[in-house]
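Structure below is coords_11.cif: mmCIF, C-alpha atoms.
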```cif
data_query
loop_
_atom_site.group_PDB
_atom_site.id
_atom_site.type_symbol
_atom_site.label_atom_id
_atom_site.label_comp_id
_atom_site.auth_asym_id
_atom_site.auth_seq_id
_atom_site.Cartn_x
_atom_site.Cartn_y
_atom_site.Cartn_z
ATOM 1 C CA MET A 39 -7.150 -14.878 22.022
ATOM 2 C CA PRO A 40 -6.840 -14.664 18.214
ATOM 3 C CA LEU A 41 -4.306 -11.828 18.421
ATOM 4 C CA ASP A 42 -1.952 -13.918 20.556
ATOM 5 C CA GLU A 43 -2.063 -16.840 18.132
ATOM 6 C CA LEU A 44 -1.672 -14.456 15.205
ATOM 7 C CA ARG A 45 1.604 -13.183 16.697
ATOM 8 C CA VAL A 46 2.916 -16.722 17.108
ATOM 9 C CA LEU A 47 2.058 -17.678 13.531
ATOM 10 C CA LEU A 48 3.538 -14.515 12.049
ATOM 11 C CA ALA A 49 6.778 -14.835 14.020
ATOM 12 C CA ARG A 50 7.169 -18.484 12.991
ATOM 13 C CA HIS A 51 6.511 -17.996 9.296
ATOM 14 C CA ALA A 52 8.111 -14.591 8.617
ATOM 15 C CA ARG A 53 10.660 -14.658 5.769
ATOM 16 C CA PRO A 54 13.106 -11.994 4.559
ATOM 17 C CA ASP A 55 11.263 -11.756 1.210
ATOM 18 C CA LEU A 56 7.899 -11.240 3.005
ATOM 19 C CA GLY A 57 6.382 -14.068 0.964
ATOM 20 C CA THR A 58 4.410 -17.112 2.106
ATOM 21 C CA GLY A 59 3.130 -20.321 0.577
ATOM 22 C CA ILE A 60 -0.343 -18.754 0.235
ATOM 23 C CA PRO A 61 -0.899 -16.631 -2.887
ATOM 24 C CA ASP A 62 -1.408 -12.892 -2.175
ATOM 25 C CA VAL A 63 -0.479 -13.291 1.503
ATOM 26 C CA ARG A 64 2.600 -11.585 2.943
ATOM 27 C CA ILE A 65 4.102 -11.413 6.430
ATOM 28 C CA PHE A 66 5.915 -8.336 7.705
ATOM 29 C CA ARG A 67 8.477 -8.353 10.489
ATOM 30 C CA ALA A 68 10.754 -5.614 11.825
ATOM 31 C CA ASP A 69 13.209 -6.144 14.694
ATOM 32 C CA ARG A 70 13.914 -2.442 15.191
ATOM 33 C CA PRO A 71 12.354 0.925 14.328
ATOM 34 C CA ASN A 72 13.251 2.104 10.849
ATOM 35 C CA PRO A 73 13.452 5.596 9.329
ATOM 36 C CA PRO A 74 10.504 6.924 7.325
ATOM 37 C CA THR A 75 10.774 5.411 3.856
ATOM 38 C CA PRO A 76 8.825 6.282 0.705
ATOM 39 C CA THR A 77 6.864 3.309 -0.585
ATOM 40 C CA THR A 78 3.614 2.489 -2.360
ATOM 41 C CA TYR A 79 0.589 0.898 -0.750
ATOM 42 C CA GLY A 80 -1.295 -1.090 -3.352
ATOM 43 C CA ARG A 81 -4.766 -2.547 -2.969
ATOM 44 C CA VAL A 82 -4.262 -4.385 0.280
ATOM 45 C CA LEU A 83 -5.536 -5.343 3.700
ATOM 46 C CA ALA A 84 -2.786 -4.939 6.314
ATOM 47 C CA LEU A 85 -3.286 -6.160 9.863
ATOM 48 C CA VAL A 86 -0.836 -5.388 12.691
ATOM 49 C CA ALA A 87 -0.395 -8.033 15.384
ATOM 50 C CA GLN A 88 2.478 -6.423 17.296
ATOM 51 C CA GLY A 89 4.302 -3.086 17.204
ATOM 52 C CA THR A 90 3.314 0.287 15.768
ATOM 53 C CA LYS A 91 3.489 1.577 12.207
ATOM 54 C CA ARG A 92 3.108 5.199 11.099
ATOM 55 C CA PHE A 93 2.722 6.556 7.614
ATOM 56 C CA ALA A 94 2.031 9.851 5.893
ATOM 57 C CA LEU A 95 -0.199 10.298 2.869
ATOM 58 C CA GLY A 96 -0.257 13.842 1.546
ATOM 59 C CA ASP A 97 -0.902 16.036 4.580
ATOM 60 C CA ARG A 98 -2.462 13.216 6.635
ATOM 61 C CA VAL A 99 -0.564 11.145 9.192
ATOM 62 C CA TYR A 100 -1.897 7.714 10.217
ATOM 63 C CA GLU A 101 -0.850 5.266 12.910
ATOM 64 C CA TYR A 102 -1.912 1.685 13.398
ATOM 65 C CA GLN A 103 -0.833 -0.784 16.034
ATOM 66 C CA ALA A 104 -1.603 -4.213 17.430
ATOM 67 C CA GLY A 105 -5.186 -5.138 16.647
ATOM 68 C CA ASP A 106 -5.695 -2.456 13.977
ATOM 69 C CA TYR A 107 -6.171 -3.014 10.271
ATOM 70 C CA LEU A 108 -5.656 -0.864 7.206
ATOM 71 C CA VAL A 109 -7.408 -1.039 3.850
ATOM 72 C CA ALA A 110 -5.830 0.652 0.818
ATOM 73 C CA SER A 111 -8.181 0.692 -2.156
ATOM 74 C CA VAL A 112 -5.989 2.504 -4.714
ATOM 75 C CA ASP A 113 -2.217 2.593 -5.283
ATOM 76 C CA LEU A 114 -0.938 5.327 -2.981
ATOM 77 C CA PRO A 115 2.565 6.772 -2.507
ATOM 78 C CA VAL A 116 3.182 7.018 1.232
ATOM 79 C CA THR A 117 6.079 7.533 3.627
ATOM 80 C CA ALA A 118 5.972 4.764 6.229
ATOM 81 C CA HIS A 119 8.013 3.333 9.074
ATOM 82 C CA PHE A 120 7.785 1.010 12.065
ATOM 83 C CA ALA A 121 7.833 3.330 15.073
ATOM 84 C CA ARG A 122 7.906 0.621 17.745
ATOM 85 C CA ALA A 123 9.821 -2.627 17.263
ATOM 86 C CA SER A 124 12.658 -4.498 18.959
ATOM 87 C CA ALA A 125 14.423 -7.842 18.766
ATOM 88 C CA GLU A 126 12.581 -8.937 21.905
ATOM 89 C CA GLU A 127 9.211 -7.663 20.640
ATOM 90 C CA PRO A 128 9.360 -7.338 16.845
ATOM 91 C CA ALA A 129 6.713 -5.568 14.821
ATOM 92 C CA LEU A 130 4.575 -8.204 13.098
ATOM 93 C CA GLY A 131 1.952 -7.793 10.415
ATOM 94 C CA PHE A 132 -0.164 -9.683 7.920
ATOM 95 C CA GLY A 133 -0.930 -8.457 4.400
ATOM 96 C CA LEU A 134 -3.494 -9.687 1.885
ATOM 97 C CA THR A 135 -3.705 -8.304 -1.657
ATOM 98 C CA LEU A 136 -7.269 -7.315 -2.509
ATOM 99 C CA HIS A 137 -8.547 -7.922 -6.031
ATOM 100 C CA PRO A 138 -11.576 -5.934 -7.239
ATOM 101 C CA ALA A 139 -12.955 -9.007 -9.033
ATOM 102 C CA ALA A 140 -12.944 -11.029 -5.796
ATOM 103 C CA VAL A 141 -14.710 -8.215 -3.933
ATOM 104 C CA ALA A 142 -17.244 -7.860 -6.762
ATOM 105 C CA GLU A 143 -17.982 -11.603 -6.662
ATOM 106 C CA VAL A 144 -18.864 -11.442 -2.963
ATOM 107 C CA LEU A 145 -20.965 -8.323 -3.537
ATOM 108 C CA LEU A 146 -22.955 -10.010 -6.307
ATOM 109 C CA GLN A 147 -23.803 -13.015 -4.150
ATOM 110 C CA ALA A 148 -24.601 -11.073 -0.965
ATOM 111 C CA ASP A 149 -28.036 -9.956 0.138
ATOM 112 C CA PRO A 150 -27.996 -6.154 -0.334
ATOM 113 C CA GLY A 151 -29.722 -5.764 3.014
ATOM 114 C CA ASP A 152 -26.673 -7.266 4.745
ATOM 115 C CA LEU A 153 -24.290 -4.665 3.301
ATOM 116 C CA PRO A 154 -23.648 -1.041 4.235
ATOM 117 C CA GLU A 155 -25.172 1.648 2.068
ATOM 118 C CA PRO A 156 -22.898 2.829 -0.760
ATOM 119 C CA ALA A 157 -20.872 5.879 0.188
ATOM 120 C CA ALA A 158 -22.425 9.124 -1.028
ATOM 121 C CA ASP A 159 -19.007 10.606 -1.847
ATOM 122 C CA THR A 160 -15.682 9.102 -2.788
ATOM 123 C CA PRO A 161 -14.179 7.662 0.418
ATOM 124 C CA ALA A 162 -10.526 7.993 1.323
ATOM 125 C CA GLY A 163 -8.372 5.516 -0.540
ATOM 126 C CA LEU A 164 -6.743 4.489 2.725
ATOM 127 C CA VAL A 165 -8.501 3.880 6.048
ATOM 128 C CA VAL A 166 -7.545 2.460 9.468
ATOM 129 C CA SER A 167 -9.903 0.741 11.936
ATOM 130 C CA ARG A 168 -9.877 -1.567 14.941
ATOM 131 C CA ALA A 169 -10.088 -5.198 13.809
ATOM 132 C CA PRO A 170 -13.120 -7.131 15.061
ATOM 133 C CA VAL A 171 -12.474 -10.551 16.564
ATOM 134 C CA GLU A 172 -14.103 -12.256 13.552
ATOM 135 C CA LEU A 173 -11.533 -10.706 11.196
ATOM 136 C CA LEU A 174 -8.632 -11.668 13.477
ATOM 137 C CA ASP A 175 -9.980 -15.222 13.711
ATOM 138 C CA ALA A 176 -10.193 -15.536 9.909
ATOM 139 C CA ALA A 177 -6.608 -14.281 9.538
ATOM 140 C CA VAL A 178 -5.436 -16.848 12.103
ATOM 141 C CA ARG A 179 -7.178 -19.700 10.296
ATOM 142 C CA LEU A 180 -5.657 -18.604 6.991
ATOM 143 C CA LEU A 181 -2.138 -18.535 8.438
ATOM 144 C CA ARG A 182 -2.596 -21.923 10.139
ATOM 145 C CA LEU A 183 -2.644 -23.365 6.624
ATOM 146 C CA LEU A 184 1.080 -22.618 6.355
ATOM 147 C CA ASP A 185 1.555 -25.574 8.704
ATOM 148 C CA GLN A 186 -0.679 -27.711 6.467
ATOM 149 C CA PRO A 187 0.355 -26.760 2.913
ATOM 150 C CA ARG A 188 -1.661 -29.608 1.367
ATOM 151 C CA ASP A 189 -4.840 -27.777 2.417
ATOM 152 C CA ILE A 190 -3.903 -24.391 0.947
ATOM 153 C CA PRO A 191 -5.364 -24.799 -2.586
ATOM 154 C CA MET A 192 -8.748 -25.918 -1.295
ATOM 155 C CA ILE A 193 -9.240 -23.934 1.911
ATOM 156 C CA ALA A 194 -7.310 -20.674 1.439
ATOM 157 C CA PRO A 195 -9.739 -19.288 -1.210
ATOM 158 C CA LEU A 196 -12.658 -19.914 1.155
ATOM 159 C CA ILE A 197 -11.020 -18.065 4.045
ATOM 160 C CA LYS A 198 -9.971 -15.177 1.774
ATOM 161 C CA ARG A 199 -13.594 -14.892 0.745
ATOM 162 C CA GLU A 200 -14.610 -14.802 4.409
ATOM 163 C CA ILE A 201 -12.070 -12.030 5.059
ATOM 164 C CA ILE A 202 -13.583 -9.957 2.244
ATOM 165 C CA TRP A 203 -17.025 -10.550 3.767
ATOM 166 C CA ARG A 204 -15.801 -9.448 7.210
ATOM 167 C CA LEU A 205 -14.400 -6.277 5.665
ATOM 168 C CA LEU A 206 -17.559 -5.568 3.658
ATOM 169 C CA THR A 207 -19.777 -5.935 6.733
ATOM 170 C CA GLY A 208 -17.365 -4.089 9.024
ATOM 171 C CA GLU A 209 -16.663 -0.462 9.851
ATOM 172 C CA GLN A 210 -15.025 0.254 6.467
ATOM 173 C CA GLY A 211 -17.490 -1.747 4.400
ATOM 174 C CA ALA A 212 -18.585 1.269 2.344
ATOM 175 C CA VAL A 213 -14.988 1.798 1.208
ATOM 176 C CA LEU A 214 -14.558 -1.789 0.096
ATOM 177 C CA ARG A 215 -17.969 -1.794 -1.542
ATOM 178 C CA GLN A 216 -16.939 1.112 -3.790
ATOM 179 C CA PHE A 217 -13.656 -0.674 -4.469
ATOM 180 C CA GLY A 218 -15.539 -3.666 -5.863
ATOM 181 C CA LEU A 219 -18.083 -1.764 -7.974
ATOM 182 C CA PRO A 220 -16.783 -1.025 -11.495
ATOM 183 C CA ASP A 221 -18.906 2.132 -11.887
ATOM 184 C CA SER A 222 -18.188 3.695 -8.482
ATOM 185 C CA SER A 223 -16.326 6.979 -8.194
ATOM 186 C CA LEU A 224 -13.498 5.190 -6.386
ATOM 187 C CA SER A 225 -13.111 2.764 -9.289
ATOM 188 C CA HIS A 226 -12.977 5.693 -11.715
ATOM 189 C CA VAL A 227 -10.244 7.293 -9.606
ATOM 190 C CA ALA A 228 -8.375 3.970 -9.473
ATOM 191 C CA ARG A 229 -8.309 3.854 -13.281
ATOM 192 C CA ALA A 230 -6.895 7.378 -13.384
ATOM 193 C CA VAL A 231 -4.305 6.480 -10.756
ATOM 194 C CA GLN A 232 -3.202 3.476 -12.809
ATOM 195 C CA TRP A 233 -2.894 5.614 -15.948
ATOM 196 C CA ILE A 234 -0.726 8.174 -14.145
ATOM 197 C CA ARG A 235 1.474 5.404 -12.719
ATOM 198 C CA ASP A 236 1.894 3.823 -16.161
ATOM 199 C CA ASN A 237 2.717 7.182 -17.779
ATOM 200 C CA PHE A 238 4.380 9.009 -14.894
ATOM 201 C CA ALA A 239 7.250 10.378 -17.021
ATOM 202 C CA GLN A 240 4.893 12.009 -19.537
ATOM 203 C CA PRO A 241 3.270 15.431 -19.119
ATOM 204 C CA PHE A 242 -0.519 15.293 -19.116
ATOM 205 C CA ARG A 243 -3.522 17.560 -19.020
ATOM 206 C CA VAL A 244 -5.856 16.951 -16.102
ATOM 207 C CA GLU A 245 -8.770 17.429 -18.496
ATOM 208 C CA ASP A 246 -7.631 14.428 -20.553
ATOM 209 C CA VAL A 247 -7.222 12.149 -17.528
ATOM 210 C CA ALA A 248 -10.606 13.259 -16.195
ATOM 211 C CA GLN A 249 -12.153 12.318 -19.536
ATOM 212 C CA GLN A 250 -10.539 8.867 -19.362
ATOM 213 C CA ALA A 251 -11.961 8.483 -15.854
ATOM 214 C CA GLY A 252 -15.421 9.399 -17.130
ATOM 215 C CA MET A 253 -15.781 12.492 -14.930
ATOM 216 C CA SER A 254 -16.044 16.223 -15.321
ATOM 217 C CA VAL A 255 -12.857 18.081 -14.408
ATOM 218 C CA SER A 256 -14.341 19.474 -11.189
ATOM 219 C CA ALA A 257 -15.710 16.077 -10.094
ATOM 220 C CA PHE A 258 -12.425 14.403 -10.980
ATOM 221 C CA HIS A 259 -10.397 16.873 -8.904
ATOM 222 C CA ARG A 260 -12.748 16.483 -5.944
ATOM 223 C CA ASN A 261 -12.844 12.688 -6.048
ATOM 224 C CA PHE A 262 -9.119 12.284 -6.726
ATOM 225 C CA GLN A 263 -8.281 14.536 -3.755
ATOM 226 C CA ALA A 264 -10.693 12.634 -1.499
ATOM 227 C CA ALA A 265 -9.210 9.252 -2.419
ATOM 228 C CA THR A 266 -5.494 10.123 -2.486
ATOM 229 C CA SER A 267 -5.155 13.261 -0.315
ATOM 230 C CA MET A 268 -3.354 14.994 -3.188
ATOM 231 C CA SER A 269 -3.973 16.456 -6.626
ATOM 232 C CA PRO A 270 -3.235 14.481 -9.820
ATOM 233 C CA ILE A 271 -0.104 16.581 -10.441
ATOM 234 C CA GLN A 272 1.116 16.068 -6.861
ATOM 235 C CA TYR A 273 0.483 12.329 -7.243
ATOM 236 C CA GLN A 274 2.565 12.235 -10.433
ATOM 237 C CA LYS A 275 5.397 14.090 -8.680
ATOM 238 C CA GLN A 276 5.417 11.587 -5.807
ATOM 239 C CA ILE A 277 5.628 8.667 -8.237
ATOM 240 C CA ARG A 278 8.402 10.372 -10.233
ATOM 241 C CA LEU A 279 10.511 11.029 -7.143
ATOM 242 C CA GLN A 280 10.057 7.526 -5.750
ATOM 243 C CA ARG A 281 11.091 6.016 -9.095
ATOM 244 C CA ALA A 282 14.080 8.386 -9.299
ATOM 245 C CA ARG A 283 15.270 7.281 -5.878
ATOM 246 C CA LEU A 284 15.200 3.623 -6.939
ATOM 247 C CA LEU A 285 17.145 4.424 -10.113
ATOM 248 C CA LEU A 286 19.711 6.498 -8.234
ATOM 249 C CA ALA A 287 20.364 3.678 -5.773
ATOM 250 C CA ALA A 288 21.697 1.702 -8.753
ATOM 251 C CA SER A 289 23.322 4.632 -10.632
ATOM 252 C CA PRO A 290 24.266 7.300 -8.062
ATOM 253 C CA GLY A 291 26.391 9.294 -10.492
ATOM 254 C CA ASP A 292 23.773 9.816 -13.198
ATOM 255 C CA ILE A 293 21.669 12.596 -11.666
ATOM 256 C CA ALA A 294 20.877 14.355 -14.960
ATOM 257 C CA GLY A 295 20.055 11.103 -16.764
ATOM 258 C CA VAL A 296 17.730 9.901 -14.019
ATOM 259 C CA SER A 297 15.961 13.264 -13.837
ATOM 260 C CA ARG A 298 15.210 13.045 -17.573
ATOM 261 C CA ARG A 299 14.069 9.421 -17.345
ATOM 262 C CA VAL A 300 11.442 10.250 -14.739
ATOM 263 C CA GLY A 301 10.135 13.233 -16.705
ATOM 264 C CA TYR A 302 11.979 16.326 -15.462
ATOM 265 C CA GLU A 303 13.170 18.786 -18.107
ATOM 266 C CA SER A 304 15.117 20.828 -15.550
ATOM 267 C CA PRO A 305 17.748 19.061 -13.392
ATOM 268 C CA ALA A 306 17.659 22.062 -11.040
ATOM 269 C CA GLN A 307 13.924 21.629 -10.457
ATOM 270 C CA PHE A 308 14.472 17.905 -9.956
ATOM 271 C CA SER A 309 17.140 18.559 -7.327
ATOM 272 C CA ARG A 310 14.950 21.052 -5.464
ATOM 273 C CA GLU A 311 11.952 18.728 -5.335
ATOM 274 C CA TYR A 312 14.121 15.719 -4.476
ATOM 275 C CA ARG A 313 15.718 17.550 -1.549
ATOM 276 C CA ARG A 314 12.294 18.666 -0.331
ATOM 277 C CA GLN A 315 10.965 15.098 -0.494
ATOM 278 C CA PHE A 316 13.920 13.126 0.878
ATOM 279 C CA GLY A 317 15.740 15.657 3.039
ATOM 280 C CA GLY A 318 18.964 15.827 1.028
ATOM 281 C CA PRO A 319 20.304 16.508 -2.468
ATOM 282 C CA PRO A 320 20.100 13.650 -4.990
ATOM 283 C CA ARG A 321 23.836 12.959 -5.155
ATOM 284 C CA GLN A 322 24.252 12.727 -1.388
ATOM 285 C CA ASP A 323 21.142 10.617 -0.907
ATOM 286 C CA ALA A 324 22.059 8.352 -3.844
ATOM 287 C CA ALA A 325 25.550 7.697 -2.475
ATOM 288 C CA ARG A 326 24.090 6.746 0.894
ATOM 289 C CA LEU A 327 21.512 4.435 -0.697
ATOM 290 C CA HIS A 328 24.130 2.840 -2.935
ATOM 291 C CA ALA A 329 26.422 2.166 0.041
ATOM 292 C CA ARG A 330 23.528 0.583 1.909
ATOM 293 C CA THR A 331 22.547 -1.733 -0.970
ATOM 294 C CA ALA A 332 25.978 -2.560 -2.404
ATOM 295 C CA PRO A 333 27.236 -6.091 -1.660
ATOM 296 C CA ARG A 334 29.695 -6.281 1.216
ATOM 297 C CA VAL A 335 33.177 -7.600 0.427
ATOM 298 C CA THR A 336 35.255 -9.285 3.142
ATOM 299 C CA SER A 337 38.998 -8.947 3.523
ATOM 300 C CA ASP A 338 39.610 -12.200 1.620
ATOM 301 C CA GLY A 339 37.546 -10.887 -1.348
ATOM 302 C CA SER A 340 34.531 -13.133 -0.783
#
```

As structure tokens, please, write out the structure in this file.
Amino acid sequence: MPLDELRVLLARHARPDLGTGIPDVRIFRADRPNPPTPTTYGRVLALVAQGTKRFALGDRVYEYQAGDYLVASVDLPVTAHFARASAEEPALGFGLTLHPAAVAEVLLQADPGDLPEPAADTPAGLVVSRAPVELLDAAVRLLRLLDQPRDIPMIAPLIKREIIWRLLTGEQGAVLRQFGLPDSSLSHVARAVQWIRDNFAQPFRVEDVAQQAGMSVSAFHRNFQAATSMSPIQYQKQIRLQRARLLLAASPGDIAGVSRRVGYESPAQFSREYRRQFGGPPRQDAARLHARTAPRVTSDGS
């Protein structure tokens, strides 16, 4: 079965840095459940071979497990964790970065009759489905190349193209089709999302971002909410707080400075929203994060 071989390949080639010898391919492994952690899902296909992963996006909670796949078509701030994993049966997953240009190339060369109809509305920016055997088989053949690195430059691009085709003709094909079309509503939202991420510390008017996205304000609100499960202002707040947490892990004593750097004028408001997001005040959470990431020193000073 492809899923069995996929587990073997992922377990053999997993590295602490998640990287592989194939561009845009990552391998995930967890030997124990971990606490919910804020992170960002970029434009990616993620396929679980073993274990269970849960994540929250806005007010939606998703779960995917062995044999399920996820497609994220815009950069989304989520809270995620492996809910089922152990040293004997680690959680294992495969990730492939999706590039709009690669999706568009397949779309242009495909017979329109072989593709799903374009979505009438903006689809969710993140979807989960059961992986068909053809998709699992393509992932296995891609990962087999790690044992034959000489073949990677020639064969990996062909299999990546097949994976895109399997996604386009699968259950979530309409989502990926919008992702690859430069004039789709999802692509317009993706441009707005990128602008907010690049300028997260700056105040903005929704009207101005809607204009950049080429939409009316009402259409922009509706499509942004459909794709991200949150409003543009809520999205900005999530990005600000995630960036603040990273900064505080390195500088746990500089609460006021970090709050200003991520765009808060009021340290009190920053502390309230931080506590609401991460379950504790910034100083306490920062000290815990710093202790976790600081280098360990042995008794002989090494």

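The set of residues that the PyMOL selection byres ((chain A and resi 265) around 9) takes from this file is Ser111, Val112, Thr160, Pro161, Ala162, Gly163, Leu164, Leu224, Val227, Ala228, Arg260, Asn261, Phe262, Gln263, Ala264, Thr266, Ser267 and Met268 of chain A.
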
With C-alpha atoms retained, export the selected residues as a PDB file, in the coordinates of the input.
```
ATOM      1  CA  SER A 111      -8.181   0.692  -2.156  1.00  0.00           C
ATOM      2  CA  VAL A 112      -5.989   2.504  -4.714  1.00  0.00           C
ATOM      3  CA  THR A 160     -15.682   9.102  -2.788  1.00  0.00           C
ATOM      4  CA  PRO A 161     -14.179   7.662   0.418  1.00  0.00           C
ATOM      5  CA  ALA A 162     -10.526   7.993   1.323  1.00  0.00           C
ATOM      6  CA  GLY A 163      -8.372   5.516  -0.540  1.00  0.00           C
ATOM      7  CA  LEU A 164      -6.743   4.489   2.725  1.00  0.00           C
ATOM      8  CA  LEU A 224     -13.498   5.190  -6.386  1.00  0.00           C
ATOM      9  CA  VAL A 227     -10.244   7.293  -9.606  1.00  0.00           C
ATOM     10  CA  ALA A 228      -8.375   3.970  -9.473  1.00  0.00           C
ATOM     11  CA  ARG A 260     -12.748  16.483  -5.944  1.00  0.00           C
ATOM     12  CA  ASN A 261     -12.844  12.688  -6.048  1.00  0.00           C
ATOM     13  CA  PHE A 262      -9.119  12.284  -6.726  1.00  0.00           C
ATOM     14  CA  GLN A 263      -8.281  14.536  -3.755  1.00  0.00           C
ATOM     15  CA  ALA A 264     -10.693  12.634  -1.499  1.00  0.00           C
ATOM     16  CA  THR A 266      -5.494  10.123  -2.486  1.00  0.00           C
ATOM     17  CA  SER A 267      -5.155  13.261  -0.315  1.00  0.00           C
ATOM     18  CA  MET A 268      -3.354  14.994  -3.188  1.00  0.00           C
TER      19      MET A 268
END
```

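Excluding Ala118 (chain A) itself and any same-chain residue fewer than 6 positions from it, the protein and nucleic acid residues within 6 Å of it, counting all atoms listed in the file, are Pro74, Thr75, Arg92 and Phe93 of chain A.
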
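Comparing A:Tyr79, A:Tyr107, A:Tyr302, A:Phe66 by their smallest distance to Gln240 (chain A), the closest is A:Tyr302 (using all atoms listed in the file).
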
Any chance you could tabulate, as a Markdown table, the residues of region 157-276 of chain A at most 7 Å from region 127-149 of chain A with each one's nearest atom pair and distance in Å to one decimal, using all atoms listed in the file, in chain and rising number order?
```
| residue | atom | partner | partner_atom | distance |
| --- | --- | --- | --- | --- |
| A:Ile202 | CA | A:Val141 | CA | 6.5 |
| A:Phe217 | CA | A:Pro138 | CA | 6.3 |
| A:Gly218 | CA | A:Ala142 | CA | 4.6 |
| A:Leu219 | CA | A:Ala142 | CA | 6.3 |
```

* **Which of A:Arg313, A:Arg235, A:His259, A:Arg168 sits closest to Arg281 (chain A) [using all atoms listed in the file]** => A:Arg235

* Structure fact -> For Ile234 (chain A), the closest of A:Gln250, A:Gln103, A:Thr207, A:Ser124 counting only C-alpha atoms is A:Gln250

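Of the residues under consideration (A:Phe238, A:Val86, A:Tyr273, A:Leu183), A:Phe238 shows the shortest atom-to-atom contact distance to Arg298 (chain A) when counting all atoms listed in the file.
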
* Expansion of the PyMOL selection byres ((chain A and resi 296) around 10) into residues, as a VMD selection string -> chain A and resid 281 to 286 289 to 295 297 to 302 305 308

Apply the PyMOL selection byres ((chain A and resi 173) around 12) to the structure shown and report the selected residues as a short mmCIF file (atom, residue, chain, number, x, y, z; two decimals) with C-alpha atoms, in the frame of the given file.
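Contents of out_23.cif, as written:
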```
data_model
loop_
_atom_site.label_atom_id
_atom_site.label_comp_id
_atom_site.auth_asym_id
_atom_site.auth_seq_id
_atom_site.Cartn_x
_atom_site.Cartn_y
_atom_site.Cartn_z
CA PRO A 40 -6.84 -14.66 18.21
CA LEU A 41 -4.31 -11.83 18.42
CA LEU A 44 -1.67 -14.46 15.20
CA LEU A 83 -5.54 -5.34 3.70
CA ALA A 84 -2.79 -4.94 6.31
CA LEU A 85 -3.29 -6.16 9.86
CA GLY A 105 -5.19 -5.14 16.65
CA ASP A 106 -5.70 -2.46 13.98
CA TYR A 107 -6.17 -3.01 10.27
CA PHE A 132 -0.16 -9.68 7.92
CA SER A 167 -9.90 0.74 11.94
CA ARG A 168 -9.88 -1.57 14.94
CA ALA A 169 -10.09 -5.20 13.81
CA PRO A 170 -13.12 -7.13 15.06
CA VAL A 171 -12.47 -10.55 16.56
CA GLU A 172 -14.10 -12.26 13.55
CA LEU A 174 -8.63 -11.67 13.48
CA ASP A 175 -9.98 -15.22 13.71
CA ALA A 176 -10.19 -15.54 9.91
CA ALA A 177 -6.61 -14.28 9.54
CA VAL A 178 -5.44 -16.85 12.10
CA ARG A 179 -7.18 -19.70 10.30
CA LEU A 180 -5.66 -18.60 6.99
CA ILE A 197 -11.02 -18.07 4.04
CA LYS A 198 -9.97 -15.18 1.77
CA ARG A 199 -13.59 -14.89 0.74
CA GLU A 200 -14.61 -14.80 4.41
CA ILE A 201 -12.07 -12.03 5.06
CA ILE A 202 -13.58 -9.96 2.24
CA TRP A 203 -17.02 -10.55 3.77
CA ARG A 204 -15.80 -9.45 7.21
CA LEU A 205 -14.40 -6.28 5.66
CA LEU A 206 -17.56 -5.57 3.66
CA THR A 207 -19.78 -5.94 6.73
CA GLY A 208 -17.36 -4.09 9.02
CA GLU A 209 -16.66 -0.46 9.85
#
```

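For the residues A:Pro187, A:Pro220, A:Gly59, A:Pro73, ranking by smallest atom-to-atom distance to Ala251 (chain A) using all atoms listed in the file places A:Pro220 first.
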
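Nearest to Leu279 (chain A) of all the residues A:Asp236, A:Glu126, A:Glu311, A:Asp62 is A:Glu311, based on all atoms listed in the file.
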
For a cut-off of 6 Å around (0.2, -0.8, 14.0), file coordinates, pick out all residues using only C-alpha atoms and list them as a compact mmCIF listing (two decimals) with C-alpha atoms, in the coordinates of the input.
```
# COMPACT_ATOMS: atom_id res chain seq x y z
CA VAL A 86 -0.84 -5.39 12.69
CA GLY A 89 4.30 -3.09 17.20
CA THR A 90 3.31 0.29 15.77
CA LYS A 91 3.49 1.58 12.21
CA TYR A 102 -1.91 1.68 13.40
CA GLN A 103 -0.83 -0.78 16.03
CA ALA A 104 -1.60 -4.21 17.43
```

Non-local contacts of Gly80 (chain A) (7 Å; all atoms listed in the file; under 6 positions in same chain excluded) as a PDB file with C-alpha atoms, in the coordinates of the input:
```pdb
ATOM      1  CA  ALA A 110      -5.830   0.652   0.818  1.00  0.00           C
ATOM      2  CA  VAL A 112      -5.989   2.504  -4.714  1.00  0.00           C
ATOM      3  CA  ASP A 113      -2.217   2.593  -5.283  1.00  0.00           C
ATOM      4  CA  LEU A 114      -0.938   5.327  -2.981  1.00  0.00           C
TER       5      LEU A 114
END
```

Edge lengths and centre in Å to one decimal, as lines of an AutoDock Vina configuration file, is what I'm after for the box along x, y and z that holds all listed atoms of region 47-51 of chain A once 6 Å is added on each side.
```
center_x = 4.6
center_y = -16.5
center_z = 11.7
size_x = 17.1
size_y = 16.0
size_z = 16.7
```

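Between CA of Arg321 (chain A) and CA of Gln272 (chain A) lies a distance of 23.0 Å.
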
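Every residue within 6 Å of the file position (-17.3, 6.8, -10.9), judged by all atoms listed in the file, is given as Asp221, Ser222, Ser223 and His226 of chain A.
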
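Taking CA of Ile190 (chain A) as the reference point, CA of Leu214 (chain A) is found at 25.0 Å.
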